[in-house]
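One file, input_12.tsv, carrying TSV, C-alpha atoms:
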```tsv
chain	number	residue	atom	x	y	z
C	5	MET	CA	-3.36	27.13	-24.22
C	6	TRP	CA	-6.93	26.96	-25.51
C	7	LEU	CA	-8.58	23.52	-25.69
C	8	ASN	CA	-11.76	24.66	-27.42
C	9	ASP	CA	-13.83	27.84	-27.72
C	10	ASN	CA	-14.52	28.01	-23.97
C	11	CYS	CA	-11.84	26.03	-22.10
C	12	TYR	CA	-8.15	26.65	-21.67
C	13	ILE	CA	-5.14	25.45	-19.69
C	14	THR	CA	-2.89	27.62	-17.55
C	15	LEU	CA	0.47	26.60	-16.13
C	16	VAL	CA	1.50	27.66	-12.65
C	17	PRO	CA	5.26	27.04	-12.28
C	18	ASP	CA	6.54	25.88	-8.89
C	19	ALA	CA	3.03	25.30	-7.52
C	20	ALA	CA	1.87	21.98	-6.08
C	21	TYR	CA	-0.84	21.89	-8.73
C	22	ASN	CA	0.98	23.28	-11.76
C	23	LEU	CA	-1.71	22.80	-14.42
C	24	GLU	CA	-5.21	24.26	-14.24
C	25	VAL	CA	-8.15	23.92	-16.62
C	26	TRP	CA	-10.49	26.91	-16.85
C	27	GLU	CA	-13.78	27.60	-18.58
C	28	ARG	CA	-14.82	31.06	-19.77
C	29	ASP	CA	-18.55	31.74	-20.02
C	30	ALA	CA	-20.40	34.11	-22.36
C	31	ASN	CA	-19.94	36.98	-19.89
C	32	ASP	CA	-16.14	36.52	-19.85
C	33	HIS	CA	-16.17	35.08	-16.33
C	34	ASP	CA	-13.62	32.34	-15.71
C	35	GLN	CA	-14.28	29.28	-13.58
C	36	ARG	CA	-11.63	26.70	-12.71
C	37	LEU	CA	-12.78	23.21	-13.69
C	38	GLY	CA	-9.82	21.33	-12.25
C	39	ARG	CA	-6.13	21.29	-11.47
C	40	MET	CA	-3.40	18.70	-11.26
C	41	ASP	CA	0.34	18.19	-10.76
C	42	TYR	CA	1.25	17.58	-14.39
C	43	LYS	CA	4.99	17.18	-13.90
C	44	PHE	CA	4.73	14.14	-11.63
C	45	HIS	CA	1.34	12.76	-12.68
C	46	ARG	CA	1.24	13.29	-16.44
C	47	ASP	CA	0.34	9.63	-16.93
C	48	THR	CA	-3.14	10.46	-15.57
C	49	PHE	CA	-3.57	13.56	-17.78
C	50	ALA	CA	-5.69	11.81	-20.42
C	51	GLY	CA	-8.25	10.65	-17.86
C	52	PHE	CA	-8.20	14.04	-16.12
C	53	ILE	CA	-8.95	15.95	-19.34
C	54	TYR	CA	-11.49	13.39	-20.57
C	55	ARG	CA	-13.50	13.68	-17.32
C	56	LEU	CA	-13.62	17.46	-17.73
C	57	LEU	CA	-14.21	17.49	-21.51
C	58	PRO	CA	-15.79	14.18	-22.62
C	59	LYS	CA	-16.02	15.26	-26.28
C	60	ILE	CA	-12.22	15.41	-26.63
C	61	ASP	CA	-10.50	12.41	-28.21
C	62	LEU	CA	-7.17	10.73	-27.48
C	63	LEU	CA	-5.43	12.22	-30.51
C	64	GLN	CA	-6.34	15.71	-29.32
C	65	ILE	CA	-5.13	14.86	-25.81
C	66	HIS	CA	-1.83	13.57	-27.23
C	67	ALA	CA	-1.36	16.79	-29.22
C	68	ILE	CA	-1.99	18.84	-26.07
C	69	GLN	CA	0.60	16.82	-24.14
C	70	LYS	CA	3.16	17.35	-26.90
C	71	ARG	CA	2.64	21.10	-26.48
C	72	LEU	CA	2.82	20.95	-22.66
C	73	ASN	CA	5.85	18.71	-22.17
C	74	PRO	CA	8.54	21.25	-23.15
C	75	TYR	CA	7.35	23.57	-20.36
C	76	PHE	CA	8.21	20.84	-17.86
C	77	ASP	CA	11.44	19.68	-19.57
C	78	LEU	CA	9.76	16.40	-20.48
C	79	GLU	CA	10.11	14.37	-23.66
C	80	VAL	CA	8.02	15.50	-26.59
```

Give the structure from this file in structure tokens form.
Amino acid sequence: MWLNDNCYITLVPDAAYNLEVWERDANDHDQRLGRMDYKFHRDTFAGFIYRLLPKIDLLQIHAIQKRLNPYFDLEV
């Protein structure tokens, strides 16, 4: 799931850290910016994303969570 032109989220089922945020540079090289256990710590997701991408706002973060929750069988 793309967050902006350069950053995206990947989900890693059954891993301890099941959500990763990556950044792709102009040369198509990917660098992991951070990872977290979304299923059990989704209440900290807003702060996690905001620290990585300070230009994102809470409405955008909420929309991202609404798209992520079904993958973890969580409420939308």

Give me, as a CSV table (one decimal) with C-alpha atoms, in the frame of the given file, all polymer residues having an atom no more than 7 Å from C:Arg39, counting only C-alpha atoms and skipping those fewer than 3 positions away in the same chain.
```
chain,number,residue,atom,x,y,z
C,21,TYR,CA,-0.8,21.9,-8.7
C,23,LEU,CA,-1.7,22.8,-14.4
C,24,GLU,CA,-5.2,24.3,-14.2
C,25,VAL,CA,-8.2,23.9,-16.6
```

Return the single residue from C:Lys70, C:Tyr12, C:Asp61, C:His45 that is closest to C:Asp29, with distances computed using all atoms listed in the file.
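Counting all atoms listed in the file, the residue closest to C:Asp29 is C:Tyr12.
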
note - atom CA of C:Gln64 and atom CA of C:Trp6 are separated by 11.9 Å

I want to know what sits within 12 Å of stretch 41-44 of chain C, based on all atoms listed in the file, with residues of the same chain fewer than 2 positions away left out; could you give that as JSON, numbers by chain?
{"C": [13, 14, 15, 16, 17, 18, 19, 20, 21, 22, 23, 24, 25, 38, 39, 46, 47, 48, 49, 50, 52, 53, 69, 72, 73, 74, 75, 76, 77, 78, 79]}

How about saving the chosen residues, C-alpha atoms kept, as a short mmCIF file (atom, residue, chain, number, x, y, z; two decimals), in the frame of the given file?
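As a result, selection14.cif now contains:
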```cif
data_model
loop_
_atom_site.label_atom_id
_atom_site.label_comp_id
_atom_site.auth_asym_id
_atom_site.auth_seq_id
_atom_site.Cartn_x
_atom_site.Cartn_y
_atom_site.Cartn_z
CA ILE C 13 -5.14 25.45 -19.69
CA THR C 14 -2.89 27.62 -17.55
CA LEU C 15 0.47 26.60 -16.13
CA VAL C 16 1.50 27.66 -12.65
CA PRO C 17 5.26 27.04 -12.28
CA ASP C 18 6.54 25.88 -8.89
CA ALA C 19 3.03 25.30 -7.52
CA ALA C 20 1.87 21.98 -6.08
CA TYR C 21 -0.84 21.89 -8.73
CA ASN C 22 0.98 23.28 -11.76
CA LEU C 23 -1.71 22.80 -14.42
CA GLU C 24 -5.21 24.26 -14.24
CA VAL C 25 -8.15 23.92 -16.62
CA GLY C 38 -9.82 21.33 -12.25
CA ARG C 39 -6.13 21.29 -11.47
CA ARG C 46 1.24 13.29 -16.44
CA ASP C 47 0.34 9.63 -16.93
CA THR C 48 -3.14 10.46 -15.57
CA PHE C 49 -3.57 13.56 -17.78
CA ALA C 50 -5.69 11.81 -20.42
CA PHE C 52 -8.20 14.04 -16.12
CA ILE C 53 -8.95 15.95 -19.34
CA GLN C 69 0.60 16.82 -24.14
CA LEU C 72 2.82 20.95 -22.66
CA ASN C 73 5.85 18.71 -22.17
CA PRO C 74 8.54 21.25 -23.15
CA TYR C 75 7.35 23.57 -20.36
CA PHE C 76 8.21 20.84 -17.86
CA ASP C 77 11.44 19.68 -19.57
CA LEU C 78 9.76 16.40 -20.48
CA GLU C 79 10.11 14.37 -23.66
#
```

Residue with smallest distance to C:Ile60 - pool C:Met5, C:Ala30, C:Cys11, C:Leu37, counting only C-alpha atoms:
C:Cys11

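The gap separating atom CA of C:Ile68 from atom CA of C:Asp32 is 23.5 Å, in Å to one decimal.
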
State, in Å with one decimal place, the distance from atom CA of C:Arg28 to atom CA of C:Asp9.
8.6 Å

Around all of stretch 44-52 of chain C's listed atoms, make the axis-aligned box with 6 Å on each side and tell me centre and edge lengths in Å to one decimal, as JSON.
```
{"center_x": -1.8, "center_y": 11.9, "center_z": -16.0, "size_x": 25.0, "size_y": 16.5, "size_z": 20.8}
```

How would stretch 5-36 of chain C of the given structure read as a file with C-alpha atoms, as a tab-separated table (two decimals), in the first residue's frame?
```tsv
chain	number	residue	atom	x	y	z
C	5	MET	CA	0.00	0.00	0.00
C	6	TRP	CA	1.57	3.27	-1.13
C	7	LEU	CA	1.55	6.18	1.35
C	8	ASN	CA	2.97	8.77	-1.04
C	9	ASP	CA	5.17	8.85	-4.15
C	10	ASN	CA	8.15	7.30	-2.34
C	11	CYS	CA	6.93	5.40	0.72
C	12	TYR	CA	4.84	2.27	1.03
C	13	ILE	CA	3.69	-0.31	3.58
C	14	THR	CA	4.19	-4.05	3.31
C	15	LEU	CA	2.48	-6.66	5.46
C	16	VAL	CA	4.37	-9.72	6.65
C	17	PRO	CA	1.83	-12.26	7.95
C	18	ASP	CA	2.81	-14.38	10.96
C	19	ALA	CA	5.96	-12.34	11.64
C	20	ALA	CA	6.70	-10.67	14.97
C	21	TYR	CA	6.81	-7.33	13.17
C	22	ASN	CA	3.99	-7.71	10.66
C	23	LEU	CA	3.97	-4.20	9.17
C	24	GLU	CA	6.95	-2.53	7.51
C	25	VAL	CA	7.33	0.95	6.03
C	26	TRP	CA	9.70	1.28	3.08
C	27	GLU	CA	11.05	4.17	1.05
C	28	ARG	CA	12.03	3.85	-2.62
C	29	ASP	CA	14.66	6.28	-3.90
C	30	ALA	CA	15.12	7.67	-7.41
C	31	ASN	CA	17.29	4.67	-8.36
C	32	ASP	CA	14.54	2.20	-7.35
C	33	HIS	CA	16.44	1.07	-4.25
C	34	ASP	CA	14.25	0.27	-1.26
C	35	GLN	CA	15.17	1.09	2.32
C	36	ARG	CA	13.13	0.02	5.33
```
